[in-house]
Every structure is written in C-alpha cells, then in structure tokens.
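*Asks:* So here's run-v7.txt (compact mmCIF, C-alpha atoms).
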# COMPACT_ATOMS: atom_id res chain seq x y z
CA MET D 1 0.00 0.00 0.00
CA MET D 2 1.32 3.38 -0.93
CA ASP D 3 1.31 6.15 1.62
CA MET D 4 0.21 8.69 -0.91
CA VAL D 5 -2.50 11.09 0.10
CA GLU D 6 -5.08 11.42 -2.64
CA SER D 7 -5.53 15.13 -2.25
CA ALA D 8 -1.77 15.63 -2.73
CA ASN D 9 -2.32 15.60 -6.47
CA ARG D 10 -2.05 19.01 -8.05
CA ILE D 11 -3.09 20.18 -11.48
CA TYR D 12 -0.44 21.88 -13.62
CA ALA D 13 -1.01 23.57 -16.95
CA ILE D 14 1.51 23.01 -19.73
CA LYS D 15 1.57 25.35 -22.68
CA THR D 16 1.79 23.56 -26.00
CA THR D 17 2.14 24.37 -29.66
CA ALA D 18 -1.28 25.16 -31.15
CA LYS D 19 -3.24 22.06 -32.25
CA GLN D 20 -0.66 19.71 -30.79
CA GLU D 21 -2.46 19.25 -27.46
CA ARG D 22 -3.39 15.65 -28.15
CA THR D 23 0.08 14.79 -29.40
CA VAL D 24 1.58 16.28 -26.25
CA ALA D 25 -0.80 14.26 -24.07
CA ASP D 26 0.18 11.05 -25.88
CA ASN D 27 3.88 11.89 -25.59
CA ILE D 28 3.56 12.63 -21.87
CA GLU D 29 2.04 9.20 -21.39
CA LYS D 30 4.89 7.59 -23.36
CA VAL D 31 7.61 9.44 -21.42
CA ILE D 32 6.00 8.73 -18.02
CA ARG D 33 5.83 5.02 -18.78
CA GLU D 34 9.51 4.95 -19.76
CA GLN D 35 10.95 6.54 -16.62
CA LYS D 36 10.24 6.43 -12.90
CA ASP D 37 11.29 9.83 -11.52
CA ILE D 38 8.33 11.89 -12.64
CA HIS D 39 4.83 10.84 -11.63
CA VAL D 40 1.83 11.85 -13.63
CA MET D 41 -1.55 10.30 -12.88
CA ALA D 42 -3.53 11.71 -15.76
CA VAL D 43 -3.39 14.22 -18.59
CA MET D 44 -6.45 16.19 -19.59
CA VAL D 45 -7.04 18.09 -22.83
CA PRO D 46 -10.30 20.06 -22.56
CA GLU D 47 -11.74 21.22 -25.85
CA GLU D 48 -12.28 24.74 -24.48
CA LEU D 49 -8.68 25.21 -23.39
CA LYS D 50 -6.74 25.67 -26.62
CA GLY D 51 -2.95 25.55 -26.43
CA TYR D 52 -2.76 23.94 -22.99
CA VAL D 53 -2.86 20.50 -21.48
CA LEU D 54 -3.63 19.90 -17.81
CA VAL D 55 -1.48 17.42 -15.92
CA GLU D 56 -2.45 15.74 -12.67
CA SER D 57 0.64 14.98 -10.61
CA PRO D 58 1.71 14.67 -6.97
CA ASP D 59 5.17 16.01 -7.86
CA SER D 60 6.50 19.54 -7.49
CA ILE D 61 6.51 22.04 -10.34
CA ALA D 62 10.26 21.47 -10.85
CA ARG D 63 9.55 17.87 -11.88
CA ILE D 64 6.92 19.03 -14.35
CA GLU D 65 9.44 21.48 -15.80
CA GLN D 66 11.79 18.54 -16.28
CA LEU D 67 9.01 16.67 -18.02
CA VAL D 68 8.35 19.55 -20.43
CA GLU D 69 12.01 19.38 -21.54
CA LEU D 70 11.44 15.80 -22.69
CA ILE D 71 8.25 16.39 -24.64
CA PRO D 72 8.22 17.74 -28.17
CA HIS D 73 5.64 20.53 -28.74
CA ALA D 74 5.40 21.20 -24.98
CA ARG D 75 6.61 24.74 -24.34
CA ALA D 76 6.47 25.70 -20.69
CA VAL D 77 4.72 25.09 -17.41
CA VAL D 78 2.40 27.79 -16.19
CA GLN D 79 3.76 28.90 -12.81
CA GLY D 80 1.69 27.71 -9.91
CA SER D 81 -0.72 24.86 -9.59
CA THR D 82 -4.38 24.39 -8.88
CA ALA D 83 -6.69 21.82 -7.32
CA LEU D 84 -8.90 19.48 -9.26
CA SER D 85 -12.01 21.30 -8.07
CA GLU D 86 -10.97 24.28 -10.21
CA VAL D 87 -10.87 22.28 -13.43
CA GLU D 88 -13.38 19.47 -12.87
CA HIS D 89 -16.06 21.35 -14.78
CA PHE D 90 -14.07 20.51 -17.92
CA LEU D 91 -14.74 16.82 -17.27
CA VAL D 92 -18.47 17.24 -17.69
CA PRO D 93 -18.90 19.34 -20.81
CA LYS D 94 -22.21 21.15 -20.81
CA PRO D 95 -24.45 20.46 -23.77
CA VAL D 96 -23.91 22.94 -26.60
CA VAL D 97 -27.62 23.64 -26.91
CA SER D 98 -27.97 24.67 -23.26
CA GLY D 99 -28.01 28.44 -23.89
CA ILE D 100 -30.50 28.21 -26.74
CA THR D 101 -34.28 28.35 -26.39
CA GLU D 102 -37.10 28.41 -28.93
CA GLY D 103 -37.32 31.82 -30.56
CA THR D 104 -33.64 32.58 -30.12
CA ILE D 105 -32.08 34.28 -33.11
CA VAL D 106 -28.91 32.53 -34.16
CA GLU D 107 -26.33 32.86 -36.88
CA ILE D 108 -25.32 29.70 -38.67
CA ILE D 109 -21.56 29.49 -38.62
CA ALA D 110 -20.93 26.28 -40.56
CA GLY D 111 -22.36 24.35 -43.47
CA PRO D 112 -24.06 25.53 -46.69
CA PHE D 113 -26.06 28.22 -44.86
CA LYS D 114 -23.02 29.75 -43.19
CA GLY D 115 -23.55 33.41 -42.38
CA GLU D 116 -27.35 33.24 -42.52
CA LYS D 117 -29.44 34.36 -39.57
CA ALA D 118 -32.21 32.06 -38.40
CA VAL D 119 -34.87 31.66 -35.71
CA VAL D 120 -34.80 28.55 -33.55
CA LYS D 121 -37.99 26.51 -33.85
CA ARG D 122 -37.16 23.28 -32.07
CA ILE D 123 -34.38 21.94 -29.90
CA ASP D 124 -33.31 18.33 -29.61
CA SER D 125 -31.04 18.30 -26.59
CA GLY D 126 -30.46 14.55 -26.78
CA LYS D 127 -28.96 14.72 -30.24
CA GLU D 128 -27.66 18.26 -29.66
CA GLU D 129 -29.41 19.41 -32.79
CA ILE D 130 -31.61 22.40 -33.35
CA THR D 131 -34.18 23.06 -36.04
CA VAL D 132 -34.14 26.60 -37.38
CA GLU D 133 -35.91 28.64 -40.04
CA LEU D 134 -33.89 31.10 -42.07
CA TYR D 135 -34.67 34.70 -41.25
CA GLU D 136 -34.59 36.14 -44.73
CA SER D 137 -36.21 33.32 -46.63
CA MET D 138 -39.66 33.93 -48.16
CA VAL D 139 -41.01 30.48 -47.42
CA PRO D 140 -40.30 28.95 -44.03
CA ILE D 141 -38.06 25.97 -44.57
CA PRO D 142 -37.04 24.11 -41.44
CA ILE D 143 -33.37 23.22 -41.37
CA THR D 144 -31.83 20.96 -38.74
CA VAL D 145 -28.28 21.86 -37.81
CA ARG D 146 -25.85 20.76 -35.16
CA GLY D 147 -25.91 22.71 -31.92
CA ASP D 148 -22.29 23.77 -32.23
CA SER D 149 -22.66 25.17 -35.73
CA VAL D 150 -24.70 28.17 -34.58
CA ARG D 151 -23.87 31.28 -32.65
CA VAL D 152 -26.50 33.02 -30.53
CA VAL D 153 -27.21 36.54 -31.80
CA GLU D 154 -30.15 37.49 -29.65
CA ARG D 155 -31.95 35.69 -26.85
CA SER D 156 -35.70 35.15 -27.14
CA GLU D 157 -36.50 37.42 -24.13
CA ASP D 158 -34.91 40.41 -25.83
CA ALA D 159 -36.40 39.63 -29.23
CA SER D 160 -39.93 40.82 -28.45
CA MET M 1 4.49 16.79 -47.45
CA VAL M 2 1.10 16.47 -45.88
CA VAL M 3 0.88 13.88 -43.15
CA ARG M 4 -2.74 13.02 -42.60
CA LYS M 5 -3.55 12.08 -39.04
CA LYS M 6 -5.50 8.90 -38.62
CA VAL M 7 -9.10 9.49 -37.63
CA LEU M 8 -9.53 7.93 -34.22
CA LYS M 9 -12.90 6.68 -33.09
CA VAL M 10 -14.40 6.60 -29.66
CA CYS M 11 -16.54 3.91 -28.09
CA ARG M 12 -19.98 5.36 -27.32
CA GLU M 13 -20.37 3.09 -24.29
CA CYS M 14 -17.12 3.60 -22.37
CA HIS M 15 -15.74 6.72 -24.13
CA ARG M 16 -12.46 4.94 -24.77
CA VAL M 17 -10.46 6.01 -27.82
CA VAL M 18 -10.35 3.00 -30.13
CA GLU M 19 -8.05 2.09 -32.98
CA GLY M 20 -9.83 -0.30 -35.28
CA GLU M 21 -13.45 -1.16 -35.77
CA ALA M 22 -14.52 -2.45 -32.36
CA CYS M 23 -13.96 -1.46 -28.74
CA VAL M 24 -11.50 -3.84 -27.10
CA ILE M 25 -13.17 -3.46 -23.71
CA CYS M 26 -16.89 -3.50 -24.43
CA GLY M 27 -16.62 -5.51 -27.63
CA THR M 28 -19.17 -3.21 -29.20
CA SER M 29 -18.77 -1.65 -32.61
CA ASN M 30 -20.88 1.33 -31.56
CA LEU M 31 -18.16 3.88 -32.33
CA SER M 32 -18.26 7.59 -33.04
CA ASP M 33 -15.77 9.80 -34.83
CA ASP M 34 -17.49 12.95 -33.59
CA TRP M 35 -15.96 13.57 -30.19
CA ALA M 36 -14.18 16.28 -28.24
CA GLY M 37 -11.98 16.64 -25.20
CA TYR M 38 -9.26 14.14 -24.43
CA VAL M 39 -8.04 12.51 -21.24
CA VAL M 40 -5.10 10.15 -20.83
CA ILE M 41 -5.34 8.15 -17.62
CA ILE M 42 -1.95 6.75 -16.65
CA ASP M 43 -2.53 5.64 -13.06
CA PRO M 44 -6.28 5.17 -12.46
CA GLU M 45 -5.79 4.10 -8.83
CA HIS M 46 -4.22 7.37 -7.75
CA SER M 47 -5.83 9.73 -10.21
CA GLU M 48 -8.59 11.99 -8.98
CA ILE M 49 -9.61 12.69 -12.56
CA ALA M 50 -10.14 8.96 -13.12
CA LYS M 51 -12.24 8.78 -9.95
CA LYS M 52 -14.42 11.69 -11.04
CA MET M 53 -14.99 10.04 -14.38
CA ASN M 54 -15.45 6.54 -12.85
CA ILE M 55 -12.58 5.15 -14.89
CA THR M 56 -10.82 2.10 -13.53
CA MET M 57 -8.61 1.29 -16.47
CA ALA M 58 -5.67 3.24 -17.83
CA GLY M 59 -6.01 4.48 -21.36
CA ARG M 60 -7.15 7.29 -23.57
CA TYR M 61 -10.67 8.61 -23.27
CA ALA M 62 -12.84 11.28 -24.83
CA LEU M 63 -14.72 13.76 -22.65
CA LYS M 64 -17.62 14.22 -25.00
CA VAL M 65 -18.98 11.80 -27.56
CA ARG M 66 -21.78 12.60 -29.96
For this file, write the structure as structure tokens.
*Replies:*
Amino acid sequence: MMDMVESANRIYAIKTTAKQERTVADNIEKVIREQKDIHVMAVMVPEELKGYVLVESPDSIARIEQLVELIPHARAVVQGSTALSEVEHFLVPKPVVSGITEGTIVEIIAGPFKGEKAVVKRIDSGKEEITVELYESMVPIPITVRGDSVRVVERSEDAS
Amino acid sequence: MVVRKKVLKVCRECHRVVEGEACVICGTSNLSDDWAGYVVIIDPEHSEIAKKMNITMAGRYALKVR
C-alpha cells in the first residue's frame, strides 16, 4: 500500500504548440511510462482550453518542468498549480444547446447556410441538434443543424 | 508533405479512444468519430480525474462523444 495522500495531487497547466495538445498528451504518457522519476496520474485536454494540457501529478513544479524538456511541442509550465475542483467542470462538458431556447435568433456558422441568420424553432437536446428557419427566406423551410454550428445573436426574451 | 492524421474513433459506451473497428473493452462496434476533449489516464488508482470520471482502467478517453 502506498502512503500517498489522494488530495496531494495538483493540477499543472503546460503550454503547447497550437493544435498539438493531443500529441503532447500522448507523448507525456509515453515518457512517463519509460521513466520512474516523474509521476503523472492523468493528462487532460479540454476542448475549451486551446494551447494547454492539464497534468495531474503529486510532484513539485520542478519535476513538471523537467518533463516539459522531454516532450516535443510542450513549451512551458504555467507557474503555480491548482486543485482538481478548479478544473473538474471541464470533465463534464455542458451540452452545446444549453443556452438556446425556442425563438432565439442565431447565426449559422458552418455548413451551406453559413452566415445566414435564423430563428430557432425546435431543440433536440439529446442529439444536440436544433431546427431553425432562415430569417430572410420567403417560405419557411425548417433546417436541422448541429448545436455547435450556430452562434446566438439574440436571446428570445430580448427579441420581443 | 502532408501527413494526414489517422481518424480515431471513440466507443460510445465507455468513451475509450479506439483504434480499429470495435472497442476492445466492451466488444461493441458502436463507435463515433465525432468527439471532443481528451483525457489520458496513466494511473487510475491514484488519479482523482479517473475517480471523477469513474474510470478504472488506464487508457485514452474522450470527454464528450456525440
């Protein structure tokens, strides 16, 4: 049995080259498995946090700085550490349709209707899809798009 | 030279990142290539992240699977 206190684990942020977050996470795993001096329990790459990976480790920041030296595309350790409670909201990503209600005016930001404004008619939170009608179209044609391919322009409360 | 990265899939049941056509743990072929967020669990016994996510096996996982 190891005499390690669970709460001794700290979360460190490592700055990475843009779009290489996943590569860095894989490389950290590889390096950690090859040597025994640095201990890392888990590596987290939240979608929202671009250019950083979060490392869970019981070691001091000096050890993590050593680790960064060994990893390609890892740039530096952000000074200081944090507790898991500060970052655990990343583990449960909130559904993308959560801020959208019926009547919300959105702008479509991806797909063939990119740039068009539309009014939300129906929300499918299970599939994370919303059905919209284009604002400027003469005939109302319902279009179903993915929740993350729209941007909220105006909430329904303010629309009236 | 363009090096195309292999499209990894994720098991919809256990959120594990899978190479191939079936999940090695669940045995299911219910995979998704539309996923976001990435977690590498190295030591599930001592990891608080693994505990929060109810993960007991080391490996690579996705945070969100559609």
*Asks:* Can I get the residues of chain M within 12 Å of chain D, each with the closest pair of atoms and their distance in Å to one decimal, using all atoms listed in the file, sorted chain first then ascending number, as JSON lines?
*Replies:*
{"residue": "M:Lys5", "atom": "CA", "partner": "D:Thr23", "partner_atom": "CA", "distance": 10.7}
{"residue": "M:Leu8", "atom": "CA", "partner": "D:Arg22", "partner_atom": "CA", "distance": 11.6}
{"residue": "M:Val17", "atom": "CA", "partner": "D:Asp26", "partner_atom": "CA", "distance": 11.9}
{"residue": "M:Asp34", "atom": "CA", "partner": "D:Arg146", "partner_atom": "CA", "distance": 11.5}
{"residue": "M:Trp35", "atom": "CA", "partner": "D:Glu47", "partner_atom": "CA", "distance": 9.8}
{"residue": "M:Ala36", "atom": "CA", "partner": "D:Glu47", "partner_atom": "CA", "distance": 6.0}
{"residue": "M:Gly37", "atom": "CA", "partner": "D:Glu47", "partner_atom": "CA", "distance": 4.6}
{"residue": "M:Tyr38", "atom": "CA", "partner": "D:Val45", "partner_atom": "CA", "distance": 4.8}
{"residue": "M:Val39", "atom": "CA", "partner": "D:Met44", "partner_atom": "CA", "distance": 4.3}
{"residue": "M:Val40", "atom": "CA", "partner": "D:Val43", "partner_atom": "CA", "distance": 5.0}
{"residue": "M:Ile41", "atom": "CA", "partner": "D:Ala42", "partner_atom": "CA", "distance": 4.4}
{"residue": "M:Ile42", "atom": "CA", "partner": "D:Met41", "partner_atom": "CA", "distance": 5.2}
{"residue": "M:Asp43", "atom": "CA", "partner": "D:Met41", "partner_atom": "CA", "distance": 4.8}
{"residue": "M:Pro44", "atom": "CA", "partner": "D:Met41", "partner_atom": "CA", "distance": 7.0}
{"residue": "M:Glu45", "atom": "CA", "partner": "D:Met41", "partner_atom": "CA", "distance": 8.5}
{"residue": "M:His46", "atom": "CA", "partner": "D:Met41", "partner_atom": "CA", "distance": 6.5}
{"residue": "M:Ser47", "atom": "CA", "partner": "D:Met41", "partner_atom": "CA", "distance": 5.1}
{"residue": "M:Glu48", "atom": "CA", "partner": "D:Glu6", "partner_atom": "CA", "distance": 7.3}
{"residue": "M:Ile49", "atom": "CA", "partner": "D:Ala42", "partner_atom": "CA", "distance": 6.9}
{"residue": "M:Ala50", "atom": "CA", "partner": "D:Ala42", "partner_atom": "CA", "distance": 7.6}
{"residue": "M:Lys51", "atom": "CA", "partner": "D:Glu6", "partner_atom": "CA", "distance": 10.6}
{"residue": "M:Lys52", "atom": "CA", "partner": "D:Glu88", "partner_atom": "CA", "distance": 8.1}
{"residue": "M:Met53", "atom": "CA", "partner": "D:Leu91", "partner_atom": "CA", "distance": 7.4}
{"residue": "M:Asn54", "atom": "CA", "partner": "D:Leu91", "partner_atom": "CA", "distance": 11.2}
{"residue": "M:Ile55", "atom": "CA", "partner": "D:Ala42", "partner_atom": "CA", "distance": 11.2}
{"residue": "M:Met57", "atom": "CA", "partner": "D:Ala42", "partner_atom": "CA", "distance": 11.6}
{"residue": "M:Ala58", "atom": "CA", "partner": "D:Ala42", "partner_atom": "CA", "distance": 9.0}
{"residue": "M:Gly59", "atom": "CA", "partner": "D:Glu29", "partner_atom": "CA", "distance": 9.3}
{"residue": "M:Arg60", "atom": "CA", "partner": "D:Asp26", "partner_atom": "CA", "distance": 8.6}
{"residue": "M:Tyr61", "atom": "CA", "partner": "D:Met44", "partner_atom": "CA", "distance": 9.4}
{"residue": "M:Ala62", "atom": "CA", "partner": "D:Val45", "partner_atom": "CA", "distance": 9.2}
{"residue": "M:Leu63", "atom": "CA", "partner": "D:Leu91", "partner_atom": "CA", "distance": 6.2}
{"residue": "M:Lys64", "atom": "CA", "partner": "D:Pro93", "partner_atom": "CA", "distance": 6.7}
{"residue": "M:Val65", "atom": "CA", "partner": "D:Pro93", "partner_atom": "CA", "distance": 10.1}
{"residue": "M:Arg66", "atom": "CA", "partner": "D:Lys127", "partner_atom": "CA", "distance": 7.5}
*Asks:* Between M:Val7, M:Glu19, M:Thr56, M:Arg12, which residue has the minimum interatomic distance to M:Ser32, considering only C-alpha atoms?
*Replies:*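 Distance minimum relative to M:Ser32 lands on M:Arg12.
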*Asks:* What's the separation between atom CA of D:Ser81 and atom CA of D:Thr17, in Å to one decimal place?
*Replies:*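 Pair atom CA of D:Ser81 / atom CA of D:Thr17 returns 20.3 Å.
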*Asks:* The centre and edge lengths of an axis-aligned box containing all atoms of stretch 9-24 of chain M present in the file, extended by 8 Å on each side, are to be given in Å to one decimal, as JSON.
*Replies:*
{"center_x": -14.2, "center_y": 1.4, "center_z": -29.1, "size_x": 28.3, "size_y": 26.6, "size_z": 29.4}
*Asks:* What is the distance, in Å and to one decimal place, between atom CA of D:Ile100 and atom CA of D:Glu86?
*Replies:*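 Atom CA of D:Ile100 sits 25.9 Å away from atom CA of D:Glu86.
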*Asks:* Which distance in Å separates atom CA of D:Gln79 and atom CA of D:Asp37, to one decimal?
*Replies:* 20.5 Å
